[in-house]
Every structure is written in C-alpha cells, then in structure tokens.
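Below is work.cif, which holds mmCIF, C-alpha atoms and all ligand atoms.
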data_data
#
loop_
_atom_site.group_PDB
_atom_site.id
_atom_site.type_symbol
_atom_site.label_atom_id
_atom_site.label_comp_id
_atom_site.auth_asym_id
_atom_site.auth_seq_id
_atom_site.Cartn_x
_atom_site.Cartn_y
_atom_site.Cartn_z
ATOM 1 C CA MET A 23 5.615 6.854 -5.294
ATOM 2 C CA ASN A 24 2.610 9.066 -5.931
ATOM 3 C CA THR A 25 -0.512 6.930 -5.960
ATOM 4 C CA ILE A 26 -4.156 7.665 -6.531
ATOM 5 C CA PHE A 27 -4.574 7.769 -2.750
ATOM 6 C CA ASP A 28 -2.099 10.657 -2.489
ATOM 7 C CA LYS A 29 -4.308 12.497 -4.978
ATOM 8 C CA ILE A 30 -7.346 11.791 -2.782
ATOM 9 C CA ILE A 31 -5.483 13.139 0.270
ATOM 10 C CA SER A 32 -4.544 16.320 -1.607
ATOM 11 C CA ARG A 33 -8.095 16.606 -3.052
ATOM 12 C CA GLU A 34 -6.769 16.429 -6.620
ATOM 13 C CA ILE A 35 -9.365 13.745 -7.248
ATOM 14 C CA PRO A 36 -12.661 13.383 -5.419
ATOM 15 C CA ALA A 37 -13.624 10.650 -2.995
ATOM 16 C CA ASP A 38 -16.572 10.034 -0.733
ATOM 17 C CA ILE A 39 -14.756 10.872 2.504
ATOM 18 C CA VAL A 40 -16.362 9.530 5.679
ATOM 19 C CA TYR A 41 -13.708 10.443 8.254
ATOM 20 C CA GLU A 42 -10.555 12.501 8.529
ATOM 21 C CA ASP A 43 -8.132 13.506 11.253
ATOM 22 C CA GLU A 44 -4.507 14.617 11.336
ATOM 23 C CA LEU A 45 -3.209 11.092 10.713
ATOM 24 C CA VAL A 46 -5.718 9.224 8.552
ATOM 25 C CA LEU A 47 -8.393 9.570 5.917
ATOM 26 C CA ALA A 48 -11.290 7.161 5.362
ATOM 27 C CA PHE A 49 -13.447 7.049 2.249
ATOM 28 C CA LYS A 50 -15.836 4.725 0.441
ATOM 29 C CA ASP A 51 -14.275 2.130 -1.828
ATOM 30 C CA ILE A 52 -15.154 2.908 -5.441
ATOM 31 C CA ALA A 53 -15.949 -0.778 -6.118
ATOM 32 C CA PRO A 54 -17.555 -1.947 -2.874
ATOM 33 C CA LYS A 55 -17.532 -5.663 -2.076
ATOM 34 C CA ALA A 56 -19.987 -5.271 0.805
ATOM 35 C CA PRO A 57 -22.759 -2.820 1.778
ATOM 36 C CA VAL A 58 -20.163 -1.016 3.903
ATOM 37 C CA HIS A 59 -16.733 -0.918 2.282
ATOM 38 C CA TYR A 60 -14.447 1.842 3.482
ATOM 39 C CA LEU A 61 -10.729 2.326 2.997
ATOM 40 C CA ILE A 62 -8.702 3.739 5.878
ATOM 41 C CA ILE A 63 -5.396 5.193 4.754
ATOM 42 C CA PRO A 64 -2.591 7.033 6.528
ATOM 43 C CA LYS A 65 -1.838 10.537 5.276
ATOM 44 C CA GLN A 66 1.801 9.501 5.379
ATOM 45 C CA ALA A 67 2.622 7.377 2.332
ATOM 46 C CA ILE A 68 3.858 3.879 3.198
ATOM 47 C CA ALA A 69 3.882 1.660 0.121
ATOM 48 C CA THR A 70 3.268 -1.754 1.691
ATOM 49 C CA LEU A 71 3.076 -3.330 5.124
ATOM 50 C CA ASN A 72 6.615 -4.570 4.444
ATOM 51 C CA ASP A 73 7.762 -0.950 4.529
ATOM 52 C CA ALA A 74 6.282 -0.264 7.958
ATOM 53 C CA ASN A 75 8.551 -0.209 10.988
ATOM 54 C CA LEU A 76 8.444 0.651 14.684
ATOM 55 C CA GLU A 77 8.103 4.335 13.819
ATOM 56 C CA HIS A 78 4.704 3.516 12.340
ATOM 57 C CA GLN A 79 3.448 1.415 15.237
ATOM 58 C CA ALA A 80 1.121 4.041 16.685
ATOM 59 C CA LEU A 81 -0.131 5.016 13.234
ATOM 60 C CA LEU A 82 -1.021 1.411 12.392
ATOM 61 C CA GLY A 83 -2.840 1.077 15.708
ATOM 62 C CA HIS A 84 -4.705 4.282 14.990
ATOM 63 C CA MET A 85 -5.814 2.897 11.627
ATOM 64 C CA MET A 86 -7.214 -0.205 13.355
ATOM 65 C CA LEU A 87 -9.029 1.810 16.000
ATOM 66 C CA THR A 88 -10.426 4.112 13.310
ATOM 67 C CA ALA A 89 -11.789 1.051 11.501
ATOM 68 C CA ALA A 90 -13.470 -0.143 14.703
ATOM 69 C CA GLN A 91 -14.946 3.304 15.369
ATOM 70 C CA LEU A 92 -16.299 3.562 11.817
ATOM 71 C CA ALA A 93 -17.818 0.084 12.194
ATOM 72 C CA LYS A 94 -19.608 1.299 15.321
ATOM 73 C CA ASP A 95 -20.675 4.541 13.644
ATOM 74 C CA THR A 96 -22.183 2.701 10.666
ATOM 75 C CA GLY A 97 -23.998 0.170 12.847
ATOM 76 C CA ILE A 98 -22.144 -2.942 11.663
ATOM 77 C CA ALA A 99 -20.011 -3.499 14.758
ATOM 78 C CA ASP A 100 -22.318 -5.878 16.603
ATOM 79 C CA GLY A 101 -23.158 -7.959 13.543
ATOM 80 C CA GLY A 102 -19.493 -8.169 12.670
ATOM 81 C CA TYR A 103 -17.175 -7.023 9.958
ATOM 82 C CA ARG A 104 -13.817 -7.652 8.328
ATOM 83 C CA VAL A 105 -10.692 -5.505 8.415
ATOM 84 C CA GLN A 106 -8.125 -6.464 5.792
ATOM 85 C CA MET A 107 -4.804 -5.210 4.502
ATOM 86 C CA ASN A 108 -3.416 -6.659 1.279
ATOM 87 C CA CYS A 109 0.336 -6.782 0.736
ATOM 88 C CA ASN A 110 2.067 -7.005 -2.641
ATOM 89 C CA ALA A 111 0.920 -8.921 -5.714
ATOM 90 C CA ASP A 112 0.080 -12.275 -4.159
ATOM 91 C CA GLY A 113 -1.844 -10.499 -1.411
ATOM 92 C CA GLY A 114 -3.945 -8.723 -4.029
ATOM 93 C CA GLN A 115 -2.556 -5.236 -3.403
ATOM 94 C CA VAL A 116 -3.293 -2.876 -6.280
ATOM 95 C CA VAL A 117 -2.667 0.552 -4.741
ATOM 96 C CA TYR A 118 0.792 0.890 -3.189
ATOM 97 C CA HIS A 119 -0.154 3.134 -0.304
ATOM 98 C CA ILE A 120 -1.125 1.010 2.676
ATOM 99 C CA HIS A 121 -4.811 0.885 3.492
ATOM 100 C CA LEU A 122 -7.246 -1.078 5.578
ATOM 101 C CA HIS A 123 -10.420 -2.364 4.002
ATOM 102 C CA LEU A 124 -13.380 -2.174 6.397
ATOM 103 C CA MET A 125 -16.135 -4.398 5.046
ATOM 104 C CA GLY A 126 -19.461 -5.369 6.553
ATOM 105 C CA GLY A 127 -23.208 -5.117 6.387
ATOM 106 C CA ARG A 128 -23.682 -8.700 5.214
ATOM 107 C CA ALA A 129 -22.332 -12.125 6.158
ATOM 108 C CA LEU A 130 -18.935 -12.217 4.468
ATOM 109 C CA GLY A 131 -18.224 -15.942 4.727
ATOM 110 C CA THR A 132 -14.721 -17.278 4.435
HETATM 111 P P1 LIG B 1 -6.035 -3.201 -2.785
HETATM 112 O O1 LIG B 1 -6.354 -4.258 -3.797
HETATM 113 O O2 LIG B 1 -5.981 -3.727 -1.380
HETATM 114 O O3 LIG B 1 -4.812 -2.390 -3.167
HETATM 115 O O4 LIG B 1 -7.291 -2.249 -2.777
HETATM 116 C C1 LIG B 1 -7.379 -1.083 -3.531
HETATM 117 C C2 LIG B 1 -8.817 -0.631 -3.418
HETATM 118 O O5 LIG B 1 -8.890 0.720 -3.803
HETATM 119 C C3 LIG B 1 -9.791 -1.413 -4.304
HETATM 120 O O6 LIG B 1 -10.792 -2.017 -3.487
HETATM 121 C C4 LIG B 1 -10.355 -0.334 -5.235
HETATM 122 O O7 LIG B 1 -11.716 -0.534 -5.524
HETATM 123 C C5 LIG B 1 -10.126 0.927 -4.437
HETATM 124 N N1 LIG B 1 -9.989 2.144 -5.212
HETATM 125 C C6 LIG B 1 -9.191 2.361 -6.293
HETATM 126 N N2 LIG B 1 -9.312 3.632 -6.721
HETATM 127 C C7 LIG B 1 -10.207 4.227 -5.902
HETATM 128 C C8 LIG B 1 -10.754 5.543 -5.825
HETATM 129 N N3 LIG B 1 -10.418 6.507 -6.691
HETATM 130 N N4 LIG B 1 -11.661 5.812 -4.840
HETATM 131 C C9 LIG B 1 -12.009 4.863 -3.973
HETATM 132 N N5 LIG B 1 -11.517 3.596 -3.971
HETATM 133 C C10 LIG B 1 -10.631 3.290 -4.934
#

Structure encoded using structure tokens:
Amino acid sequence: MNTIFDKIISREIPADIVYEDELVLAFKDIAPKAPVHYLIIPKQAIATLNDANLEHQALLGHMMLTAAQLAKDTGIADGGYRVQMNCNADGGQVVYHIHLHLMGGRALGT
C-alpha cells in the first residue's frame, strides 16, 4: 500500500525532515500534540506492528534508538517524553506505514 509517508520518503510531498539515515526518516508531525512531535518511520514500508516479524527486529530497535537520540538532540530527554506506536483502528492508527510518535516539551499526563 502506498501511503502518504511513502510520498514523503520519495520527496513527492514535502515534510519538515529532522533526521535521515539509510533505514529511517524523521519529520515533524503536521498536527503536533506537543511542542516537540516528530514521527520516526522506516524507509521500508510495514503497514502495522502486526506485520512486523523477526526480520524487522533490528529496524524496530533502530527506530527506538533514533527517537531517544532525537529527544536528546532537542533537549527534552531529561524532562521526559513519550514514544508511541498506534496499531490499527482501535489503536488510533491513521497512516498504515508504521511510525513512532516522539512527543515532549511539556508534561503529557496520562
Ligand atoms: P497515527 O494516527 O498514529 O497513524 O498518526 C499519523 C500521524 O501522521 C498524525 O499525527 C498526523 O498528524 C501525521 N501526519 C499525517 N500526514 C502528515 C504529513 N503530510 N506530514 C506530517 N505528518 C503527517
């Protein structure tokens, strides 16, 4: 499935990209829910966390470590932040290309 995130990866549509390497891309969420709200996505399209398997283990770990590094880079690491992945309709997933939300810069509550 070709999602809007594939179009961001291929630069067909613009995004405010904050980090890129051979495996992942990170960019600002278009509708931020916190002062820092980045999305970390794999360049490889995986629709949902349900579709991930052992082959993707290192990639998923790399996404988490990228989130932590971006939190440090933006100065929110010590105060704290949230990393979230939504899965399917009940989980609130809207874009079917897995992504981590990195949110911080204010107290997020429960
Ligand atoms: P989710 O509900 O977990 O699938 O999250 C999808 C996220 O993608 C939402 O927070 C949207 O605001 C964000 N989003 C959708 N389109 C774009 C876009 N073109 N650029 C940046 N963020 C986007």

| task | Write out as a list in words which residues come within 12 Å of Leu82 (chain A) when counting only C-alpha atoms, dropping same-chain ones fewer than 5 positions away. | result | Leu45, Val46, Ile62, Ile63, Pro64, Lys65, Gln66, Ile68, Thr70, Leu71, Ala74, Asn75, Leu76, Glu77, Leu87, Thr88, Ala89, Met107, Ile120, His121 and Leu122 of chain A

| Within 12 Å of ligand LIG 1 (chain B), counting only C-alpha atoms and all ligand atoms: which residues, as a VMD selection string? | chain A and resid 25 to 31 33 to 40 47 to 56 58 to 63 69 to 71 105 to 125

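Taking CA of Ile98 (chain A) and CA of Pro57 (chain A) as the two end points, the separation is 9.9 Å.
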
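CA of Asp95 (chain A) sits 12.2 Å away from CA of Gly126 (chain A).
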
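If you measure from each of A:Ala129, A:Asp100, A:Ala67, A:Ser32 to Leu81 (chain A) using only C-alpha atoms, the closest one turns out to be A:Ala67.
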
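Here CA of Met85 (chain A) stands at a distance of 11.8 Å from CA of Glu44 (chain A).
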
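Contact shell of Ala99 (chain A) at 9 Å (all atoms listed in the file; same-chain neighbours under 5 positions omitted): Ala90, Gln91, Leu92, Ala93, Lys94 and Gly126 of chain A.
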